[in-house]
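Containing PDB, C-alpha atoms and all ligand atoms: protein-v9.pdb.
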```pdb
MODEL        1
ATOM      1  CA  MET A   1      -5.257   2.999 -31.739
ATOM      2  CA  GLU A   2      -1.761   1.706 -32.324
ATOM      3  CA  LYS A   3      -0.276  -0.634 -29.708
ATOM      4  CA  LYS A   4       3.236  -0.338 -28.295
ATOM      5  CA  TRP A   5       5.353  -2.395 -25.918
ATOM      6  CA  PHE A   6       5.804  -1.183 -22.347
ATOM      7  CA  TYR A   7       8.699  -2.781 -20.481
ATOM      8  CA  GLU A   8       9.135  -2.732 -16.700
ATOM      9  CA  LYS A   9      12.616  -3.479 -15.414
ATOM     10  CA  MET A  10      12.174  -5.964 -12.547
ATOM     11  CA  SER A  11      15.925  -6.355 -11.949
ATOM     12  CA  PRO A  12      19.036  -5.264 -13.879
ATOM     13  CA  GLU A  13      18.654  -8.267 -16.204
ATOM     14  CA  THR A  14      14.890  -8.888 -16.143
ATOM     15  CA  VAL A  15      12.083  -7.076 -17.928
ATOM     16  CA  TYR A  16       8.362  -7.768 -17.981
ATOM     17  CA  GLY A  17       6.685  -6.672 -21.227
ATOM     18  CA  TYR A  18       3.081  -5.603 -21.858
ATOM     19  CA  HIS A  19       1.601  -4.937 -25.301
ATOM     20  CA  VAL A  20      -0.530  -1.876 -24.545
ATOM     21  CA  THR A  21      -2.592   0.945 -25.949
ATOM     22  CA  SER A  22      -1.620   4.289 -24.460
ATOM     23  CA  VAL A  23      -4.529   6.257 -22.997
ATOM     24  CA  HIS A  24      -2.751   9.098 -21.171
ATOM     25  CA  GLU A  25       0.798  10.269 -20.472
ATOM     26  CA  GLU A  26       2.104  13.231 -18.489
ATOM     27  CA  ASN A  27       4.928  14.439 -16.306
ATOM     28  CA  THR A  28       3.231  15.520 -13.065
ATOM     29  CA  GLY A  29       6.259  17.374 -11.706
ATOM     30  CA  PHE A  30       6.759  14.494  -9.249
ATOM     31  CA  GLN A  31       6.725  11.521 -11.604
ATOM     32  CA  GLU A  32       5.996  10.216 -15.102
ATOM     33  CA  LEU A  33       2.380   9.064 -15.106
ATOM     34  CA  GLN A  34       0.953   6.713 -17.732
ATOM     35  CA  ILE A  35      -2.471   5.123 -18.126
ATOM     36  CA  VAL A  36      -2.568   2.238 -20.608
ATOM     37  CA  ASP A  37      -4.958  -0.533 -21.639
ATOM     38  CA  HIS A  38      -3.818  -4.157 -21.852
ATOM     39  CA  GLY A  39      -5.627  -7.160 -23.316
ATOM     40  CA  HIS A  40      -5.239  -9.281 -20.169
ATOM     41  CA  PHE A  41      -4.689  -6.926 -17.217
ATOM     42  CA  GLY A  42      -7.160  -4.266 -18.402
ATOM     43  CA  ARG A  43      -6.502  -0.636 -17.530
ATOM     44  CA  MET A  44      -3.168  -0.054 -15.797
ATOM     45  CA  MET A  45      -1.536   2.875 -13.970
ATOM     46  CA  ILE A  46       2.234   3.231 -14.351
ATOM     47  CA  LEU A  47       4.460   5.660 -12.419
ATOM     48  CA  ASP A  48       8.096   6.192 -13.406
ATOM     49  CA  ASN A  49       7.906   3.039 -15.559
ATOM     50  CA  VAL A  50       6.714   0.855 -12.668
ATOM     51  CA  VAL A  51       3.236  -0.701 -12.786
ATOM     52  CA  GLN A  52       1.213   0.558  -9.799
ATOM     53  CA  THR A  53      -2.147  -1.072 -10.309
ATOM     54  CA  THR A  54      -4.135  -3.039 -12.881
ATOM     55  CA  GLU A  55      -7.846  -3.608 -13.271
ATOM     56  CA  LYS A  56      -7.364  -7.409 -13.278
ATOM     57  CA  ASP A  57      -5.228  -8.044 -10.195
ATOM     58  CA  GLU A  58      -5.578  -4.890  -8.046
ATOM     59  CA  PHE A  59      -7.850  -6.731  -5.603
ATOM     60  CA  VAL A  60      -5.050  -8.956  -4.283
ATOM     61  CA  TYR A  61      -2.793  -6.116  -3.172
ATOM     62  CA  HIS A  62      -5.507  -3.717  -2.040
ATOM     63  CA  GLU A  63      -7.414  -6.329  -0.027
ATOM     64  CA  MET A  64      -4.317  -7.692   1.702
ATOM     65  CA  MET A  65      -3.118  -4.182   2.573
ATOM     66  CA  THR A  66      -6.519  -3.186   3.960
ATOM     67  CA  HIS A  67      -8.667  -6.001   5.307
ATOM     68  CA  LEU A  68      -5.865  -7.833   7.066
ATOM     69  CA  PRO A  69      -4.738  -4.928   9.318
ATOM     70  CA  ILE A  70      -8.344  -3.832   9.890
ATOM     71  CA  MET A  71      -9.361  -7.353  10.940
ATOM     72  CA  ALA A  72      -6.202  -7.721  13.069
ATOM     73  CA  LEU A  73      -7.333  -4.816  15.271
ATOM     74  CA  ALA A  74      -8.990  -6.053  18.465
ATOM     75  CA  ARG A  75     -12.084  -3.887  17.891
ATOM     76  CA  PRO A  76     -13.880  -2.450  14.841
ATOM     77  CA  ALA A  77     -11.604   0.111  13.172
ATOM     78  CA  GLU A  78     -12.994   3.647  13.026
ATOM     79  CA  SER A  79     -10.190   5.863  11.745
ATOM     80  CA  ILE A  80      -7.693   5.041   9.000
ATOM     81  CA  LEU A  81      -4.738   6.971   7.587
ATOM     82  CA  ILE A  82      -3.512   6.087   4.087
ATOM     83  CA  ILE A  83      -0.102   7.406   3.077
ATOM     84  CA  GLY A  84       0.208   7.487  -0.742
ATOM     85  CA  GLY A  85      -2.628   5.486  -2.268
ATOM     86  CA  GLY A  86      -3.584   8.223  -4.768
ATOM     87  CA  ASP A  87      -5.100   5.718  -7.185
ATOM     88  CA  GLY A  88      -7.946   5.081  -4.674
ATOM     89  CA  GLY A  89      -7.678   1.267  -4.407
ATOM     90  CA  ILE A  90      -6.896   1.122  -0.682
ATOM     91  CA  LEU A  91      -9.477   3.811  -0.048
ATOM     92  CA  GLN A  92     -12.176   1.738  -1.739
ATOM     93  CA  GLU A  93     -11.390  -1.299   0.427
ATOM     94  CA  CYS A  94     -11.333   0.751   3.675
ATOM     95  CA  LEU A  95     -14.782   2.122   2.890
ATOM     96  CA  ARG A  96     -16.245  -1.401   2.686
ATOM     97  CA  HIS A  97     -16.023  -1.557   6.501
ATOM     98  CA  ASP A  98     -19.117   0.028   8.031
ATOM     99  CA  SER A  99     -17.247   0.641  11.288
ATOM    100  CA  VAL A 100     -14.910   3.061   9.499
ATOM    101  CA  LYS A 101     -16.021   6.630  10.185
ATOM    102  CA  ARG A 102     -13.018   8.564   8.801
ATOM    103  CA  VAL A 103     -10.350   7.867   6.173
ATOM    104  CA  THR A 104      -7.579  10.429   5.784
ATOM    105  CA  MET A 105      -5.505   9.977   2.635
ATOM    106  CA  VAL A 106      -2.262  11.891   2.056
ATOM    107  CA  ASP A 107      -0.723  11.644  -1.416
ATOM    108  CA  ILE A 108       2.030  13.961  -2.580
ATOM    109  CA  ASP A 109       0.815  14.093  -6.164
ATOM    110  CA  GLY A 110      -2.508  15.803  -6.864
ATOM    111  CA  ARG A 111      -2.324  14.762 -10.534
ATOM    112  CA  VAL A 112      -2.295  11.043  -9.632
ATOM    113  CA  ILE A 113      -5.523  11.654  -7.692
ATOM    114  CA  GLU A 114      -7.184  13.681 -10.473
ATOM    115  CA  VAL A 115      -6.238  11.258 -13.249
ATOM    116  CA  SER A 116      -7.337   8.277 -11.108
ATOM    117  CA  LYS A 117     -10.734   9.891 -10.441
ATOM    118  CA  GLU A 118     -11.183  10.365 -14.175
ATOM    119  CA  MET A 119      -9.698   7.210 -15.668
ATOM    120  CA  LEU A 120      -9.404   4.394 -13.125
ATOM    121  CA  PHE A 121     -11.870   2.005 -11.531
ATOM    122  CA  PHE A 122     -12.062   3.415  -7.971
ATOM    123  CA  LYS A 123     -13.902   6.653  -8.938
ATOM    124  CA  ASP A 124     -16.810   6.247  -6.513
ATOM    125  CA  ALA A 125     -14.560   5.915  -3.472
ATOM    126  CA  PHE A 126     -13.479   9.548  -3.871
ATOM    127  CA  LYS A 127     -17.110  10.702  -3.454
ATOM    128  CA  ASP A 128     -17.542   9.143   0.004
ATOM    129  CA  PRO A 129     -18.128  11.779   2.714
ATOM    130  CA  ARG A 130     -15.905   9.827   5.138
ATOM    131  CA  LEU A 131     -12.843  10.750   3.037
ATOM    132  CA  GLU A 132     -10.514  13.573   4.037
ATOM    133  CA  LEU A 133      -8.107  14.066   1.132
ATOM    134  CA  ILE A 134      -4.800  15.851   1.654
ATOM    135  CA  VAL A 135      -2.271  16.606  -1.100
ATOM    136  CA  GLY A 136       1.111  16.652   0.588
ATOM    137  CA  ASP A 137       4.136  14.685   1.731
ATOM    138  CA  GLY A 138       3.127  11.730   3.914
ATOM    139  CA  ALA A 139       6.337  11.859   5.968
ATOM    140  CA  ALA A 140       5.794  15.540   6.786
ATOM    141  CA  TYR A 141       2.135  14.853   7.599
ATOM    142  CA  VAL A 142       2.822  12.169  10.219
ATOM    143  CA  ALA A 143       5.556  14.353  11.751
ATOM    144  CA  GLY A 144       3.048  17.177  12.284
ATOM    145  CA  GLU A 145       0.886  18.006  15.286
ATOM    146  CA  GLU A 146      -2.386  17.697  13.372
ATOM    147  CA  ALA A 147      -1.890  13.971  12.644
ATOM    148  CA  GLN A 148      -0.453  13.201  16.060
ATOM    149  CA  ASN A 149      -3.435  14.819  17.803
ATOM    150  CA  LYS A 150      -6.006  13.183  15.530
ATOM    151  CA  LYS A 151      -4.872   9.606  16.241
ATOM    152  CA  PHE A 152      -5.729   6.664  13.972
ATOM    153  CA  ASP A 153      -6.607   2.992  14.495
ATOM    154  CA  VAL A 154      -4.815   1.796  11.357
ATOM    155  CA  VAL A 155      -2.101   3.433   9.210
ATOM    156  CA  ILE A 156      -1.623   1.973   5.717
ATOM    157  CA  VAL A 157       1.528   2.952   3.813
ATOM    158  CA  ASP A 158       0.691   2.431   0.136
ATOM    159  CA  SER A 159       3.868   3.840  -1.339
ATOM    160  CA  PRO A 160       5.709   3.028  -4.554
ATOM    161  CA  ASP A 161       9.176   1.482  -4.351
ATOM    162  CA  PRO A 162      11.904   3.581  -2.666
ATOM    163  CA  VAL A 163      12.673   6.017  -5.469
ATOM    164  CA  GLY A 164      12.003   9.752  -5.896
ATOM    165  CA  PRO A 165       9.455  11.331  -3.533
ATOM    166  CA  ALA A 166       8.752   7.959  -1.875
ATOM    167  CA  MET A 167      12.288   7.631  -0.400
ATOM    168  CA  VAL A 168      11.214   9.339   2.850
ATOM    169  CA  LEU A 169       8.513   6.704   3.331
ATOM    170  CA  PHE A 170      11.188   4.046   3.921
ATOM    171  CA  GLU A 171      13.277   5.858   6.530
ATOM    172  CA  ALA A 172      13.276   5.005  10.252
ATOM    173  CA  PRO A 173      11.931   8.402  11.553
ATOM    174  CA  PHE A 174       8.826   7.945   9.406
ATOM    175  CA  TYR A 175       7.793   4.846  11.381
ATOM    176  CA  LYS A 176       8.467   6.559  14.689
ATOM    177  CA  ASN A 177       6.075   9.332  13.695
ATOM    178  CA  ILE A 178       3.472   6.812  12.523
ATOM    179  CA  SER A 179       3.601   5.237  15.966
ATOM    180  CA  LYS A 180       2.852   8.652  17.508
ATOM    181  CA  CYS A 181      -0.207   9.009  15.220
ATOM    182  CA  LEU A 182      -1.683   5.652  16.277
ATOM    183  CA  ASN A 183      -4.073   4.931  19.129
ATOM    184  CA  GLU A 184      -2.531   2.707  21.834
ATOM    185  CA  ASP A 185      -3.873  -0.495  20.217
ATOM    186  CA  GLY A 186      -3.234   0.763  16.674
ATOM    187  CA  ILE A 187      -1.698  -1.148  13.771
ATOM    188  CA  MET A 188       0.453  -0.107  10.797
ATOM    189  CA  VAL A 189       1.166  -1.918   7.555
ATOM    190  CA  ARG A 190       3.371  -1.272   4.526
ATOM    191  CA  GLN A 191       4.189  -3.103   1.299
ATOM    192  CA  ALA A 192       7.771  -4.412   1.250
ATOM    193  CA  GLY A 193       8.200  -5.637  -2.314
ATOM    194  CA  VAL A 194       8.626  -9.099  -3.829
ATOM    195  CA  PRO A 195      11.603 -10.742  -2.072
ATOM    196  CA  VAL A 196      12.683 -12.774  -5.114
ATOM    197  CA  PHE A 197      13.505  -9.393  -6.686
ATOM    198  CA  GLN A 198      13.749  -7.016  -3.691
ATOM    199  CA  ALA A 199      14.945  -8.928  -0.611
ATOM    200  CA  PRO A 200      16.979  -5.957   0.755
ATOM    201  CA  GLU A 201      13.795  -3.830   0.750
ATOM    202  CA  LEU A 202      12.051  -6.350   3.013
ATOM    203  CA  LYS A 203      15.037  -6.672   5.355
ATOM    204  CA  GLU A 204      15.335  -2.910   5.719
ATOM    205  CA  ALA A 205      11.596  -2.400   6.221
ATOM    206  CA  VAL A 206      11.526  -4.958   9.066
ATOM    207  CA  GLU A 207      14.633  -3.456  10.714
ATOM    208  CA  HIS A 208      13.316   0.100  10.516
ATOM    209  CA  VAL A 209       9.822  -0.747  11.776
ATOM    210  CA  GLN A 210      11.326  -2.757  14.666
ATOM    211  CA  LEU A 211      13.004   0.435  15.919
ATOM    212  CA  SER A 212       9.588   1.942  16.728
ATOM    213  CA  PHE A 213       7.183  -0.967  17.293
ATOM    214  CA  PRO A 214       7.339  -3.786  19.893
ATOM    215  CA  HIS A 215       5.648  -6.358  17.631
ATOM    216  CA  VAL A 216       6.547  -6.677  13.936
ATOM    217  CA  ALA A 217       5.453  -9.485  11.612
ATOM    218  CA  VAL A 218       5.463 -10.236   7.885
ATOM    219  CA  TYR A 219       2.713 -11.760   5.756
ATOM    220  CA  ARG A 220       2.333 -12.531   2.072
ATOM    221  CA  GLY A 221       0.032 -12.342  -0.927
ATOM    222  CA  VAL A 222       0.641 -13.189  -4.568
ATOM    223  CA  VAL A 223       0.443 -10.170  -6.884
ATOM    224  CA  PRO A 224       1.215 -11.208 -10.487
ATOM    225  CA  VAL A 225       2.218  -7.804 -11.892
ATOM    226  CA  TYR A 226       4.530  -7.013  -8.977
ATOM    227  CA  GLY A 227       6.471 -10.229  -9.669
ATOM    228  CA  GLY A 228       4.712 -12.834  -7.515
ATOM    229  CA  ASP A 229       4.948 -13.546  -3.815
ATOM    230  CA  MET A 230       4.809 -10.140  -2.134
ATOM    231  CA  ALA A 231       5.763  -9.213   1.427
ATOM    232  CA  PHE A 232       3.788  -6.930   3.750
ATOM    233  CA  VAL A 233       5.243  -5.662   7.036
ATOM    234  CA  ILE A 234       2.708  -5.209   9.831
ATOM    235  CA  ALA A 235       3.236  -3.901  13.364
ATOM    236  CA  SER A 236       1.174  -3.281  16.490
ATOM    237  CA  LYS A 237       1.881  -0.394  18.843
ATOM    238  CA  ASN A 238       0.962  -2.282  22.024
ATOM    239  CA  GLY A 239       2.752  -5.520  21.050
ATOM    240  CA  ALA A 240      -0.454  -7.498  20.469
ATOM    241  CA  PRO A 241      -0.184 -10.317  17.911
ATOM    242  CA  VAL A 242      -1.737  -9.580  14.519
ATOM    243  CA  ASP A 243      -2.004 -13.031  12.947
ATOM    244  CA  GLN A 244      -5.606 -13.799  13.995
ATOM    245  CA  PRO A 245      -8.678 -11.997  12.646
ATOM    246  CA  ASN A 246     -11.050 -10.460  15.169
ATOM    247  CA  GLY A 247     -14.200 -10.956  13.136
ATOM    248  CA  GLN A 248     -15.507 -12.115   9.775
ATOM    249  CA  PHE A 249     -14.771 -10.495   6.443
ATOM    250  CA  THR A 250     -14.765 -12.016   2.982
ATOM    251  CA  GLY A 251     -13.463 -10.183  -0.061
ATOM    252  CA  LYS A 252     -12.367 -11.590  -3.409
ATOM    253  CA  TYR A 253      -8.879 -12.590  -2.125
ATOM    254  CA  TYR A 254      -8.838 -11.981   1.642
ATOM    255  CA  HIS A 255     -11.053 -14.104   3.867
ATOM    256  CA  THR A 256     -11.011 -15.016   7.521
ATOM    257  CA  ARG A 257      -9.208 -18.404   7.262
ATOM    258  CA  PHE A 258      -6.660 -16.911   4.875
ATOM    259  CA  HIS A 259      -5.688 -14.268   7.471
ATOM    260  CA  SER A 260      -3.556 -16.526   9.680
ATOM    261  CA  ALA A 261      -2.360 -18.645   6.724
ATOM    262  CA  ALA A 262      -0.790 -15.522   5.169
ATOM    263  CA  PHE A 263       1.706 -15.382   8.075
ATOM    264  CA  VAL A 264       3.311 -18.725   7.114
ATOM    265  CA  LEU A 265       6.296 -17.585   5.041
ATOM    266  CA  PRO A 266       8.641 -19.164   2.501
ATOM    267  CA  ALA A 267      11.727 -20.454   4.370
ATOM    268  CA  PHE A 268      14.182 -17.947   2.886
ATOM    269  CA  TRP A 269      12.064 -15.010   4.102
ATOM    270  CA  TYR A 270      12.909 -15.964   7.705
ATOM    271  CA  ASP A 271      16.604 -15.693   6.801
ATOM    272  CA  VAL A 272      16.046 -12.348   5.079
ATOM    273  CA  THR A 273      14.067 -10.824   7.964
ATOM    274  CA  GLY A 274      15.577 -12.565  10.982
ATOM    275  CA  LEU A 275      12.004 -13.191  12.219
ATOM    276  CA  PRO A 276      11.372 -16.436  14.168
TER
HETATM  277  N1  LIG B   1       0.362  -0.063  -4.873
HETATM  278  C1  LIG B   1       1.376   0.698  -5.413
HETATM  279  C2  LIG B   1       2.676  -0.005  -5.668
HETATM  280  O1  LIG B   1       3.422  -0.336  -4.767
HETATM  281  O2  LIG B   1       2.919  -0.259  -6.830
HETATM  282  C3  LIG B   1       1.473   2.060  -4.837
HETATM  283  C4  LIG B   1       0.420   2.831  -5.545
HETATM  284  S1  LIG B   1       0.050   4.438  -5.063
HETATM  285  C5  LIG B   1      -0.448   5.066  -6.619
HETATM  286  C6  LIG B   1       1.564   5.211  -4.644
HETATM  287  C7  LIG B   1       1.366   6.701  -4.395
HETATM  288  O3  LIG B   1       2.333   7.157  -3.445
HETATM  289  C8  LIG B   1       1.526   7.577  -5.633
HETATM  290  O4  LIG B   1       0.280   8.123  -5.957
HETATM  291  C9  LIG B   1       2.541   8.644  -5.213
HETATM  292  O5  LIG B   1       2.185   9.931  -5.662
HETATM  293  C10 LIG B   1       2.492   8.540  -3.694
HETATM  294  N2  LIG B   1       3.683   9.045  -3.000
HETATM  295  C11 LIG B   1       4.994   8.939  -3.337
HETATM  296  N3  LIG B   1       5.771   9.550  -2.429
HETATM  297  C12 LIG B   1       4.939  10.073  -1.484
HETATM  298  C13 LIG B   1       5.137  10.828  -0.295
HETATM  299  N4  LIG B   1       6.357  11.191   0.111
HETATM  300  N5  LIG B   1       4.050  11.181   0.428
HETATM  301  C14 LIG B   1       2.793  10.841   0.028
HETATM  302  N6  LIG B   1       2.552  10.136  -1.101
HETATM  303  C15 LIG B   1       3.608   9.744  -1.841
ENDMDL
END
```
Take the structure from the file and write it as structure tokens.
Ligand code: SAM
Amino acid sequence: MEKKWFYEKMSPETVYGYHVTSVHEENTGFQELQIVDHGHFGRMMILDNVVQTTEKDEFVYHEMMTHLPIMALARPAESILIIGGGDGGILQECLRHDSVKRVTMVDIDGRVIEVSKEMLFFKDAFKDPRLELIVGDGAAYVAGEEAQNKKFDVVIVDSPDPVGPAMVLFEAPFYKNISKCLNEDGIMVRQAGVPVFQAPELKEAVEHVQLSFPHVAVYRGVVPVYGGDMAFVIASKNGAPVDQPNGQFTGKYYHTRFHSAAFVLPAFWYDVTGLP
């Protein structure tokens, strides 16, 4: 099959290029979805010309978004809500924890889920009986009575960058509703971009989460395809600190000693976020 160049615009004057073979392309009605194969990163999912996940480095992002908040909880996590996450990567990591009895995943785009089940590397996760899969808007879901009555131990916001249908997942009311869906000791986490490229996204995420949570912190992990040193915003509903693990877990990237180390930030991130 003929190869072509795919270019992702990282900033107005920066592009990352990948020499790829196209496997699948469609407009889902919500976004442009592409599946491609790359000689180094393996199979990749791209939405609206932004790389979402790759076979080679998915473990960094998915493990840091999942194991860290789960291990930060003071007791074994039983119920998880994933907002977005249609590729299945976060879901797969949640299911590695035996304590987890229920994972609810709400993605707006049923086609992302179907194509991921067929063509990506998290297929088996979708077969787990602990999964409750909902196709719908994550912001509307957390605003509803069903989610607020169900209550979750951990909410993971695995959204794309703030464009298109994901815009609502960056607004202040969204976090307020997440807080209402959490148990009293519950924890939420969201990705907040790579500050070298997207510092305003991190600043805004911290400010908005602070409006609804008494304890907000930032940690980091290095995700090559997202542009390097990535920020994650984490918050606890009861104000408990989240920088120490409450048990042992070792993945391929996350491990127990790495948990607290991930909260030591580059100096300029403190200026961006205003965190001490
Ligand atoms: N790790 C990824 C990243 O930052 O590059 C995010 C990957 S995941 C595939 C993002 C998912 O969020 C997509 O499947 C998309 O359909 C979903 N999404 C976008 N807006 C949403 C919304 N309002 N509610 C629920 N899901 C949404």
| task | Using all atoms listed in the file, determine which residues fall within 8 Å of ligand LIG 1 (chain B), then list them as number ranges by chain. | result | A: 30-31, 45, 47, 50-53, 61-62, 83-88, 106-110, 112-113, 135-140, 158-161, 164-169, 191, 193, 226
Save out the residues we just selected, C-alpha atoms, as a short mmCIF file (atom, residue, chain, number, x, y, z; two decimals), in the coordinates of the input.
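Saved result, out27.cif, follows:
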```cif
data_model
loop_
_atom_site.label_atom_id
_atom_site.label_comp_id
_atom_site.auth_asym_id
_atom_site.auth_seq_id
_atom_site.Cartn_x
_atom_site.Cartn_y
_atom_site.Cartn_z
CA PHE A 30 6.76 14.49 -9.25
CA GLN A 31 6.72 11.52 -11.60
CA MET A 45 -1.54 2.88 -13.97
CA LEU A 47 4.46 5.66 -12.42
CA VAL A 50 6.71 0.86 -12.67
CA VAL A 51 3.24 -0.70 -12.79
CA GLN A 52 1.21 0.56 -9.80
CA THR A 53 -2.15 -1.07 -10.31
CA TYR A 61 -2.79 -6.12 -3.17
CA HIS A 62 -5.51 -3.72 -2.04
CA ILE A 83 -0.10 7.41 3.08
CA GLY A 84 0.21 7.49 -0.74
CA GLY A 85 -2.63 5.49 -2.27
CA GLY A 86 -3.58 8.22 -4.77
CA ASP A 87 -5.10 5.72 -7.18
CA GLY A 88 -7.95 5.08 -4.67
CA VAL A 106 -2.26 11.89 2.06
CA ASP A 107 -0.72 11.64 -1.42
CA ILE A 108 2.03 13.96 -2.58
CA ASP A 109 0.82 14.09 -6.16
CA GLY A 110 -2.51 15.80 -6.86
CA VAL A 112 -2.30 11.04 -9.63
CA ILE A 113 -5.52 11.65 -7.69
CA VAL A 135 -2.27 16.61 -1.10
CA GLY A 136 1.11 16.65 0.59
CA ASP A 137 4.14 14.68 1.73
CA GLY A 138 3.13 11.73 3.91
CA ALA A 139 6.34 11.86 5.97
CA ALA A 140 5.79 15.54 6.79
CA ASP A 158 0.69 2.43 0.14
CA SER A 159 3.87 3.84 -1.34
CA PRO A 160 5.71 3.03 -4.55
CA ASP A 161 9.18 1.48 -4.35
CA GLY A 164 12.00 9.75 -5.90
CA PRO A 165 9.46 11.33 -3.53
CA ALA A 166 8.75 7.96 -1.88
CA MET A 167 12.29 7.63 -0.40
CA VAL A 168 11.21 9.34 2.85
CA LEU A 169 8.51 6.70 3.33
CA GLN A 191 4.19 -3.10 1.30
CA GLY A 193 8.20 -5.64 -2.31
CA TYR A 226 4.53 -7.01 -8.98
#
```
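Atom to atom, CA of Phe6 in chain A and CA of Val20 in chain A stand 6.7 Å apart.
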| Near range 147-149 of chain A, within 12 Å and counting only C-alpha atoms, which residues show up once chain neighbours fewer than 6 positions away are dropped, as a ChimeraX atom specification? | /A:79-83,104-106,134,138-141,155,176-183
| task | Determine the residue set returned by the PyMOL selection byres (((chain A and resi 19) around 10) and not hetatm) for the present structure, and present it as JSON, numbers by chain. | result | {"A": [3, 4, 5, 6, 7, 17, 18, 20, 21, 22, 36, 37, 38, 39, 40]}
Atoms kept (C-alpha atoms) for selection, written as a tab-separated table (two decimals), keeping the file's coordinate frame:
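Below is the file out-v1.tsv, written as the result:
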```tsv
chain	number	residue	atom	x	y	z
A	3	LYS	CA	-0.28	-0.63	-29.71
A	4	LYS	CA	3.24	-0.34	-28.30
A	5	TRP	CA	5.35	-2.40	-25.92
A	6	PHE	CA	5.80	-1.18	-22.35
A	7	TYR	CA	8.70	-2.78	-20.48
A	17	GLY	CA	6.68	-6.67	-21.23
A	18	TYR	CA	3.08	-5.60	-21.86
A	20	VAL	CA	-0.53	-1.88	-24.54
A	21	THR	CA	-2.59	0.94	-25.95
A	22	SER	CA	-1.62	4.29	-24.46
A	36	VAL	CA	-2.57	2.24	-20.61
A	37	ASP	CA	-4.96	-0.53	-21.64
A	38	HIS	CA	-3.82	-4.16	-21.85
A	39	GLY	CA	-5.63	-7.16	-23.32
A	40	HIS	CA	-5.24	-9.28	-20.17
```
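The spacing separating CA of Ile46 in chain A from CA of Glu207 in chain A amounts to 28.8 Å.
If you look at CA of Val225 in chain A and CA of Val196 in chain A, they are 13.4 Å away from each other.
Here the PyMOL selection byres (((chain A and resi 228) around 12) and not hetatm) matches the residues A:Met10, A:Asp57, A:Val60, A:Tyr61, A:Gly193, A:Val194, A:Pro195, A:Val196, A:Phe197, A:Gln198, A:Arg220, A:Gly221, A:Val222, A:Val223, A:Pro224, A:Val225, A:Tyr226, A:Gly227, A:Asp229, A:Met230, A:Ala231.
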Assuming the chain letters and numbering stay as they are in my file, what does the PyMOL selection byres (((chain A and resi 242-256) around 12) and not hetatm) actually select? List them as an mmCIF file with C-alpha atoms, in the frame of the given file.
```cif
data_model
loop_
_atom_site.group_PDB
_atom_site.id
_atom_site.type_symbol
_atom_site.label_atom_id
_atom_site.label_comp_id
_atom_site.auth_asym_id
_atom_site.auth_seq_id
_atom_site.Cartn_x
_atom_site.Cartn_y
_atom_site.Cartn_z
ATOM 1 C CA LYS A 56 -7.364 -7.409 -13.278
ATOM 2 C CA ASP A 57 -5.228 -8.044 -10.195
ATOM 3 C CA GLU A 58 -5.578 -4.890 -8.046
ATOM 4 C CA PHE A 59 -7.850 -6.731 -5.603
ATOM 5 C CA VAL A 60 -5.050 -8.956 -4.283
ATOM 6 C CA TYR A 61 -2.793 -6.116 -3.172
ATOM 7 C CA HIS A 62 -5.507 -3.717 -2.040
ATOM 8 C CA GLU A 63 -7.414 -6.329 -0.027
ATOM 9 C CA MET A 64 -4.317 -7.692 1.702
ATOM 10 C CA MET A 65 -3.118 -4.182 2.573
ATOM 11 C CA THR A 66 -6.519 -3.186 3.960
ATOM 12 C CA HIS A 67 -8.667 -6.001 5.307
ATOM 13 C CA LEU A 68 -5.865 -7.833 7.066
ATOM 14 C CA PRO A 69 -4.738 -4.928 9.318
ATOM 15 C CA ILE A 70 -8.344 -3.832 9.890
ATOM 16 C CA MET A 71 -9.361 -7.353 10.940
ATOM 17 C CA ALA A 72 -6.202 -7.721 13.069
ATOM 18 C CA LEU A 73 -7.333 -4.816 15.271
ATOM 19 C CA ALA A 74 -8.990 -6.053 18.465
ATOM 20 C CA ARG A 75 -12.084 -3.887 17.891
ATOM 21 C CA PRO A 76 -13.880 -2.450 14.841
ATOM 22 C CA ALA A 77 -11.604 0.111 13.172
ATOM 23 C CA GLU A 93 -11.390 -1.299 0.427
ATOM 24 C CA CYS A 94 -11.333 0.751 3.675
ATOM 25 C CA ARG A 96 -16.245 -1.401 2.686
ATOM 26 C CA HIS A 97 -16.023 -1.557 6.501
ATOM 27 C CA ASP A 98 -19.117 0.028 8.031
ATOM 28 C CA ASP A 185 -3.873 -0.495 20.217
ATOM 29 C CA GLY A 186 -3.234 0.763 16.674
ATOM 30 C CA ILE A 187 -1.698 -1.148 13.771
ATOM 31 C CA MET A 188 0.453 -0.107 10.797
ATOM 32 C CA VAL A 189 1.166 -1.918 7.555
ATOM 33 C CA HIS A 215 5.648 -6.358 17.631
ATOM 34 C CA VAL A 216 6.547 -6.677 13.936
ATOM 35 C CA ALA A 217 5.453 -9.485 11.612
ATOM 36 C CA VAL A 218 5.463 -10.236 7.885
ATOM 37 C CA TYR A 219 2.713 -11.760 5.756
ATOM 38 C CA ARG A 220 2.333 -12.531 2.072
ATOM 39 C CA GLY A 221 0.032 -12.342 -0.927
ATOM 40 C CA VAL A 222 0.641 -13.189 -4.568
ATOM 41 C CA VAL A 223 0.443 -10.170 -6.884
ATOM 42 C CA VAL A 233 5.243 -5.662 7.036
ATOM 43 C CA ILE A 234 2.708 -5.209 9.831
ATOM 44 C CA ALA A 235 3.236 -3.901 13.364
ATOM 45 C CA SER A 236 1.174 -3.281 16.490
ATOM 46 C CA LYS A 237 1.881 -0.394 18.843
ATOM 47 C CA ASN A 238 0.962 -2.282 22.024
ATOM 48 C CA GLY A 239 2.752 -5.520 21.050
ATOM 49 C CA ALA A 240 -0.454 -7.498 20.469
ATOM 50 C CA PRO A 241 -0.184 -10.317 17.911
ATOM 51 C CA ARG A 257 -9.208 -18.404 7.262
ATOM 52 C CA PHE A 258 -6.660 -16.911 4.875
ATOM 53 C CA HIS A 259 -5.688 -14.268 7.471
ATOM 54 C CA SER A 260 -3.556 -16.526 9.680
ATOM 55 C CA ALA A 261 -2.360 -18.645 6.724
ATOM 56 C CA ALA A 262 -0.790 -15.522 5.169
ATOM 57 C CA PHE A 263 1.706 -15.382 8.075
ATOM 58 C CA VAL A 264 3.311 -18.725 7.114
#
```
